[in-house]
Amino acid sequence: IRDIGVTGVQTCALPISSIVNSTRSLQGNIYLAIRSAVKYIFSNSQPDFEPYKYDRILIHNTIPFVSPKTLIKHNNFGDLIFFWHNNRRFCLKGTNYRKDQICFKCNGKLDLVNGVLRRCYRGSFLQSLVVALGERKLRRVIKNDRNRHVVFSEYYEKILLSKGIQKKNISLLRHPVNIPITKSPSPDFEKQEKENKKDFLAVGRIESEKGFFELIEAWESVNQDLKGDSTLHIVGDGPQLAKLRNLNLGSICFHGKLSIFEIAQLAKKCRAGIVPSKCPESFGKVVIEFFAMNLPVIVNPSGALPELASLVDKNLITDGNSAIDLAKTLTKFLFENNDYGNKPQEVATHLFDSRVWQENLEQIVFS
């Protein structure tokens with residue numbers, strides 16, 4: 001087994017953004033961009049990667065490591081196993097979220113054309129065109145009946161079924177938890193600790209589609225009832241972090257980027273985790289990381305998030321993506337009896353243990 005990404009095998013093309021240079025003429029930039037697109041779509045990878053030597057190739061992301069032609073060539077010799085981390089194959093942006101709302105407009109025969117016209121890939125018409133042409137060729141491979149598809153949630157399995165991929169070719173493989181799961185405390189100690197904990201924790205990339213603006217609005221509303229005794233800890237970086245910090249909200253602490261072990265230490269004084277994402281997440285790994293830290297998780301009804309949160313308690317799912325919906329669920333969690341059906345750590349241990357993941361992966365790859 002060879003990991004293409006780790007060994008650094010690159011496609012013959014470079015991303016368009018790295019080619020366009022303001023010192024060149026417009027005609028020169030257009031020429032180089034078109035040449036790069038042609039190489040990406042139609043050329044093979046570098047000579048040291050010979051696909052026919054492998055029985056199977058596991059593909060986590062095709063851009064920018066392997067050109068579509070390489071995969072088509074390999075498919076004549078062996079099987080491909082696609083890992084669906086995002087929706088790039090059916091949405092050029094990969095998130096099904098555009099202009100601050102969920103977007104499934106790119107469906108049907110002209111879906112890629114719509115994505116190009118809307119400049120869905122990095123806001124660029126030219127880059128969207130390059131990716132769309134590559135995806136068009138890749139679809140010949142994706143729907144090949146001999147290839148298999150690994151999804152990380154039942155939500156995404158339904159998406160593939162709706163795209164015409166047969167159920168027998170789809171395998172569900174839940175992400176493993178990559179942090180140590182500490183031993184759960186005794187029930188009496190846990191109940192006492194829960195009463196003492198008043199803080200909340202949110203982790204993610206700070207951008208509008210992840211719902212942090214709505215979270216802050218909801219928190220300011222709820223925190224008035226808490227008399228300012230609680231703190232919302234927000235961990236992560238992103239394009240909107242500076243804007244949020246400038247709000248100078250005393251009950252919210254922005255930590256920036258932290259390691260997973262630093263987050264685990266922070267979680268010890270928190271009562272629950274919050275994942276306010278508004279876009280349809282294909283999995284939502286932060287949810288199971290919260291479970292491993294023994295935190296229940298409040299989520300928006302987006303993508304696979306409700307599927308995960310309901311493993312502990314379905315009452316932790318908001319009714320919508322607005323700040324009002326989130327504030328309502330937070331209030332219910334704080335002031336009503338919230339003895340959830342399953343303990344978060346037990347869910348993490350039984351369903352997301354790395355050993356179980358490895359066994360399932362081996363069965364998928366070698367069967």
# chains A, B, ... in the order shown; residues from 1 in each chain; ligands from 1

$ residues_around --residues "Ala304 in chain A" --least-positions-apart "5" --cutoff "7 Å" --atoms "only C-alpha atoms" --output "PyMOL selection string"
chain A and resi 153+155+281-284

$ select_by_dssp --residues "range 94-210 of chain A" --states "helix (DSSP H, G or I)" --output "NGL selection string"
:A and (111-117 or 125-142 or 154-162 or 167-169 or 187-196 or 208-210)

$ atom_distance --atom1 "CA of Phe254 in chain A" --atom2 "CA of Pro280 in chain A"
24.7 Å

$ residues_around --residues "Lys109 in chain A" --least-positions-apart "4" --cutoff "12 Å" --atoms "only C-alpha atoms" --output "VMD selection string"
chain A and resid 90 105 113 to 115 136 163

$ write_last_selection --atoms "N, CA and C atoms" --output "compact mmCIF listing (two decimals), in the first residue's frame"
# COMPACT_ATOMS: atom_id res chain seq x y z
N PHE A 90 -19.66 16.13 -6.77
CA PHE A 90 -20.96 16.60 -7.23
C PHE A 90 -21.18 18.08 -6.94
N LYS A 105 -28.24 23.37 -6.04
CA LYS A 105 -28.68 23.80 -7.37
C LYS A 105 -27.95 23.07 -8.48
N VAL A 113 -21.79 22.66 -15.38
CA VAL A 113 -21.90 23.95 -16.08
C VAL A 113 -22.37 25.03 -15.11
N ASN A 114 -23.36 24.71 -14.29
CA ASN A 114 -23.86 25.67 -13.31
C ASN A 114 -22.76 26.06 -12.32
N GLY A 115 -21.96 25.08 -11.91
CA GLY A 115 -20.87 25.35 -10.98
C GLY A 115 -19.83 26.29 -11.57
N ARG A 136 -15.67 15.83 -14.86
CA ARG A 136 -16.46 15.18 -15.91
C ARG A 136 -15.82 13.87 -16.34
N LYS A 163 -27.29 9.43 -6.49
CA LYS A 163 -26.51 9.71 -7.69
C LYS A 163 -26.34 8.48 -8.58

$ closest_atom_pairs --of "range 104-200 of chain A" --to "range 350-365 of chain A" --cutoff "12 Å" --atoms "only C-alpha atoms" --output "tab-separated table"
residue	atom	partner	partner_atom	distance
A:Asn147	CA	A:Val365	CA	11.2
A:Arg148	CA	A:Ile364	CA	8.8
A:His149	CA	A:Ile364	CA	9.5
A:Val150	CA	A:Ile364	CA	8.4
A:Val151	CA	A:Leu361	CA	11.5
A:Phe152	CA	A:Trp357	CA	11.0
A:Lys168	CA	A:Ile364	CA	11.9
A:Asn169	CA	A:Ile364	CA	10.3
A:Ile170	CA	A:Ile364	CA	9.8
A:Ser171	CA	A:Ile364	CA	7.3
A:Leu172	CA	A:Asn360	CA	9.0
A:Leu173	CA	A:Asn360	CA	6.9
A:Arg174	CA	A:Phe352	CA	6.6
A:His175	CA	A:Phe352	CA	6.4
A:Pro176	CA	A:Phe352	CA	4.7
A:Val177	CA	A:Phe352	CA	5.7
A:Asn178	CA	A:Ser354	CA	7.3
A:Ile179	CA	A:Ser354	CA	9.6
A:Pro180	CA	A:Asp353	CA	9.8
A:Ile181	CA	A:Asp353	CA	9.1

$ decode --residues "range 125-141 of chain A" --atoms "all heavy atoms" --output "mmCIF file, in the first residue's frame"
data_model
loop_
_atom_site.group_PDB
_atom_site.id
_atom_site.type_symbol
_atom_site.label_atom_id
_atom_site.label_comp_id
_atom_site.auth_asym_id
_atom_site.auth_seq_id
_atom_site.Cartn_x
_atom_site.Cartn_y
_atom_site.Cartn_z
ATOM 1 N N PHE A 125 -13.837 31.724 -12.208
ATOM 2 C CA PHE A 125 -14.421 31.068 -13.380
ATOM 3 C C PHE A 125 -13.431 30.090 -13.994
ATOM 4 O O PHE A 125 -13.767 28.953 -14.329
ATOM 5 C CB PHE A 125 -14.839 32.124 -14.409
ATOM 6 C CG PHE A 125 -15.371 31.539 -15.691
ATOM 7 C CD1 PHE A 125 -16.703 31.185 -15.817
ATOM 8 C CD2 PHE A 125 -14.526 31.327 -16.776
ATOM 9 C CE1 PHE A 125 -17.195 30.642 -16.995
ATOM 10 C CE2 PHE A 125 -15.002 30.786 -17.959
ATOM 11 C CZ PHE A 125 -16.345 30.443 -18.071
ATOM 12 N N LEU A 126 -12.173 30.529 -14.160
ATOM 13 C CA LEU A 126 -11.169 29.700 -14.819
ATOM 14 C C LEU A 126 -10.851 28.448 -14.013
ATOM 15 O O LEU A 126 -10.800 27.332 -14.550
ATOM 16 C CB LEU A 126 -9.898 30.525 -15.043
ATOM 17 C CG LEU A 126 -8.865 29.947 -16.024
ATOM 18 C CD1 LEU A 126 -9.507 29.672 -17.376
ATOM 19 C CD2 LEU A 126 -7.692 30.902 -16.178
ATOM 20 N N GLN A 127 -10.652 28.600 -12.697
ATOM 21 C CA GLN A 127 -10.356 27.440 -11.868
ATOM 22 C C GLN A 127 -11.561 26.500 -11.791
ATOM 23 O O GLN A 127 -11.402 25.277 -11.782
ATOM 24 C CB GLN A 127 -9.941 27.886 -10.467
ATOM 25 C CG GLN A 127 -8.599 28.611 -10.437
ATOM 26 C CD GLN A 127 -8.113 28.830 -9.028
ATOM 27 O OE1 GLN A 127 -7.763 27.889 -8.333
ATOM 28 N NE2 GLN A 127 -8.085 30.081 -8.604
ATOM 29 N N SER A 128 -12.752 27.067 -11.760
ATOM 30 C CA SER A 128 -13.965 26.238 -11.757
ATOM 31 C C SER A 128 -14.068 25.425 -13.039
ATOM 32 O O SER A 128 -14.463 24.255 -13.025
ATOM 33 C CB SER A 128 -15.214 27.114 -11.589
ATOM 34 O OG SER A 128 -15.195 27.792 -10.361
ATOM 35 N N LEU A 129 -13.690 26.037 -14.172
ATOM 36 C CA LEU A 129 -13.721 25.341 -15.455
ATOM 37 C C LEU A 129 -12.744 24.170 -15.472
ATOM 38 O O LEU A 129 -13.076 23.070 -15.930
ATOM 39 C CB LEU A 129 -13.401 26.323 -16.581
ATOM 40 C CG LEU A 129 -13.356 25.734 -18.000
ATOM 41 C CD1 LEU A 129 -14.715 25.157 -18.386
ATOM 42 C CD2 LEU A 129 -12.914 26.802 -19.000
ATOM 43 N N VAL A 130 -11.532 24.394 -14.948
ATOM 44 C CA VAL A 130 -10.525 23.328 -14.905
ATOM 45 C C VAL A 130 -11.023 22.152 -14.073
ATOM 46 O O VAL A 130 -10.965 20.987 -14.494
ATOM 47 C CB VAL A 130 -9.197 23.862 -14.328
ATOM 48 C CG1 VAL A 130 -8.217 22.713 -14.102
ATOM 49 C CG2 VAL A 130 -8.578 24.889 -15.256
ATOM 50 N N VAL A 131 -11.517 22.447 -12.888
ATOM 51 C CA VAL A 131 -11.990 21.381 -11.997
ATOM 52 C C VAL A 131 -13.186 20.667 -12.604
ATOM 53 O O VAL A 131 -13.294 19.438 -12.548
ATOM 54 C CB VAL A 131 -12.340 21.965 -10.612
ATOM 55 C CG1 VAL A 131 -12.950 20.883 -9.716
ATOM 56 C CG2 VAL A 131 -11.102 22.547 -9.948
ATOM 57 N N ALA A 132 -14.094 21.409 -13.233
ATOM 58 C CA ALA A 132 -15.284 20.804 -13.825
ATOM 59 C C ALA A 132 -14.927 19.838 -14.952
ATOM 60 O O ALA A 132 -15.507 18.752 -15.057
ATOM 61 C CB ALA A 132 -16.219 21.899 -14.343
ATOM 62 N N LEU A 133 -13.965 20.220 -15.800
ATOM 63 C CA LEU A 133 -13.553 19.323 -16.887
ATOM 64 C C LEU A 133 -12.928 18.053 -16.333
ATOM 65 O O LEU A 133 -13.151 16.949 -16.851
ATOM 66 C CB LEU A 133 -12.578 20.056 -17.804
ATOM 67 C CG LEU A 133 -13.167 21.201 -18.643
ATOM 68 C CD1 LEU A 133 -12.064 21.961 -19.368
ATOM 69 C CD2 LEU A 133 -14.190 20.666 -19.633
ATOM 70 N N GLY A 134 -12.148 18.208 -15.260
ATOM 71 C CA GLY A 134 -11.563 17.023 -14.630
ATOM 72 C C GLY A 134 -12.606 16.132 -13.997
ATOM 73 O O GLY A 134 -12.575 14.905 -14.127
ATOM 74 N N GLU A 135 -13.578 16.746 -13.329
ATOM 75 C CA GLU A 135 -14.632 15.968 -12.682
ATOM 76 C C GLU A 135 -15.477 15.225 -13.716
ATOM 77 O O GLU A 135 -15.944 14.113 -13.470
ATOM 78 C CB GLU A 135 -15.529 16.890 -11.854
ATOM 79 C CG GLU A 135 -14.836 17.556 -10.672
ATOM 80 C CD GLU A 135 -14.233 16.554 -9.716
ATOM 81 O OE1 GLU A 135 -14.764 15.437 -9.600
ATOM 82 O OE2 GLU A 135 -13.207 16.870 -9.090
ATOM 83 N N ARG A 136 -15.667 15.832 -14.861
ATOM 84 C CA ARG A 136 -16.460 15.182 -15.910
ATOM 85 C C ARG A 136 -15.817 13.869 -16.341
ATOM 86 O O ARG A 136 -16.501 12.861 -16.548
ATOM 87 C CB ARG A 136 -16.618 16.121 -17.102
ATOM 88 C CG ARG A 136 -17.541 15.605 -18.195
ATOM 89 C CD ARG A 136 -17.786 16.661 -19.253
ATOM 90 N NE ARG A 136 -18.697 16.179 -20.276
ATOM 91 C CZ ARG A 136 -18.313 15.481 -21.343
ATOM 92 N NH1 ARG A 136 -17.033 15.171 -21.510
ATOM 93 N NH2 ARG A 136 -19.205 15.079 -22.228
ATOM 94 N N LYS A 137 -14.495 13.892 -16.470
ATOM 95 C CA LYS A 137 -13.800 12.654 -16.833
ATOM 96 C C LYS A 137 -13.813 11.652 -15.669
ATOM 97 O O LYS A 137 -13.928 10.442 -15.872
ATOM 98 C CB LYS A 137 -12.349 12.963 -17.237
ATOM 99 C CG LYS A 137 -12.218 13.666 -18.576
ATOM 100 C CD LYS A 137 -10.772 13.865 -18.977
ATOM 101 C CE LYS A 137 -10.104 12.560 -19.369
ATOM 102 N NZ LYS A 137 -10.649 11.994 -20.612
ATOM 103 N N LEU A 138 -13.703 12.173 -14.427
ATOM 104 C CA LEU A 138 -13.680 11.286 -13.271
ATOM 105 C C LEU A 138 -14.981 10.513 -13.103
ATOM 106 O O LEU A 138 -14.981 9.397 -12.588
ATOM 107 C CB LEU A 138 -13.402 12.089 -12.003
ATOM 108 C CG LEU A 138 -11.938 12.360 -11.665
ATOM 109 C CD1 LEU A 138 -11.835 13.274 -10.468
ATOM 110 C CD2 LEU A 138 -11.202 11.065 -11.403
ATOM 111 N N ARG A 139 -16.080 11.101 -13.521
ATOM 112 C CA ARG A 139 -17.364 10.432 -13.325
ATOM 113 C C ARG A 139 -17.465 9.118 -14.091
ATOM 114 O O ARG A 139 -18.228 8.232 -13.715
ATOM 115 C CB ARG A 139 -18.501 11.381 -13.719
ATOM 116 C CG ARG A 139 -18.665 12.505 -12.720
ATOM 117 C CD ARG A 139 -19.835 13.385 -13.026
ATOM 118 N NE ARG A 139 -19.936 14.460 -12.049
ATOM 119 C CZ ARG A 139 -20.895 15.360 -12.049
ATOM 120 N NH1 ARG A 139 -21.840 15.326 -12.992
ATOM 121 N NH2 ARG A 139 -20.928 16.307 -11.127
ATOM 122 N N ARG A 140 -16.705 9.008 -15.176
ATOM 123 C CA ARG A 140 -16.645 7.723 -15.891
ATOM 124 C C ARG A 140 -16.104 6.640 -14.977
ATOM 125 O O ARG A 140 -16.527 5.482 -15.033
ATOM 126 C CB ARG A 140 -15.747 7.850 -17.118
ATOM 127 C CG ARG A 140 -16.323 8.693 -18.224
ATOM 128 C CD ARG A 140 -15.283 8.938 -19.301
ATOM 129 N NE ARG A 140 -14.555 7.729 -19.674
ATOM 130 C CZ ARG A 140 -13.431 7.728 -20.370
ATOM 131 N NH1 ARG A 140 -12.895 8.875 -20.762
ATOM 132 N NH2 ARG A 140 -12.840 6.601 -20.678
ATOM 133 N N VAL A 141 -15.153 7.018 -14.114
ATOM 134 C CA VAL A 141 -14.530 6.063 -13.209
ATOM 135 C C VAL A 141 -15.415 5.804 -11.998
ATOM 136 O O VAL A 141 -15.586 4.667 -11.557
ATOM 137 C CB VAL A 141 -13.147 6.587 -12.743
ATOM 138 C CG1 VAL A 141 -12.485 5.604 -11.803
ATOM 139 C CG2 VAL A 141 -12.261 6.868 -13.943
#
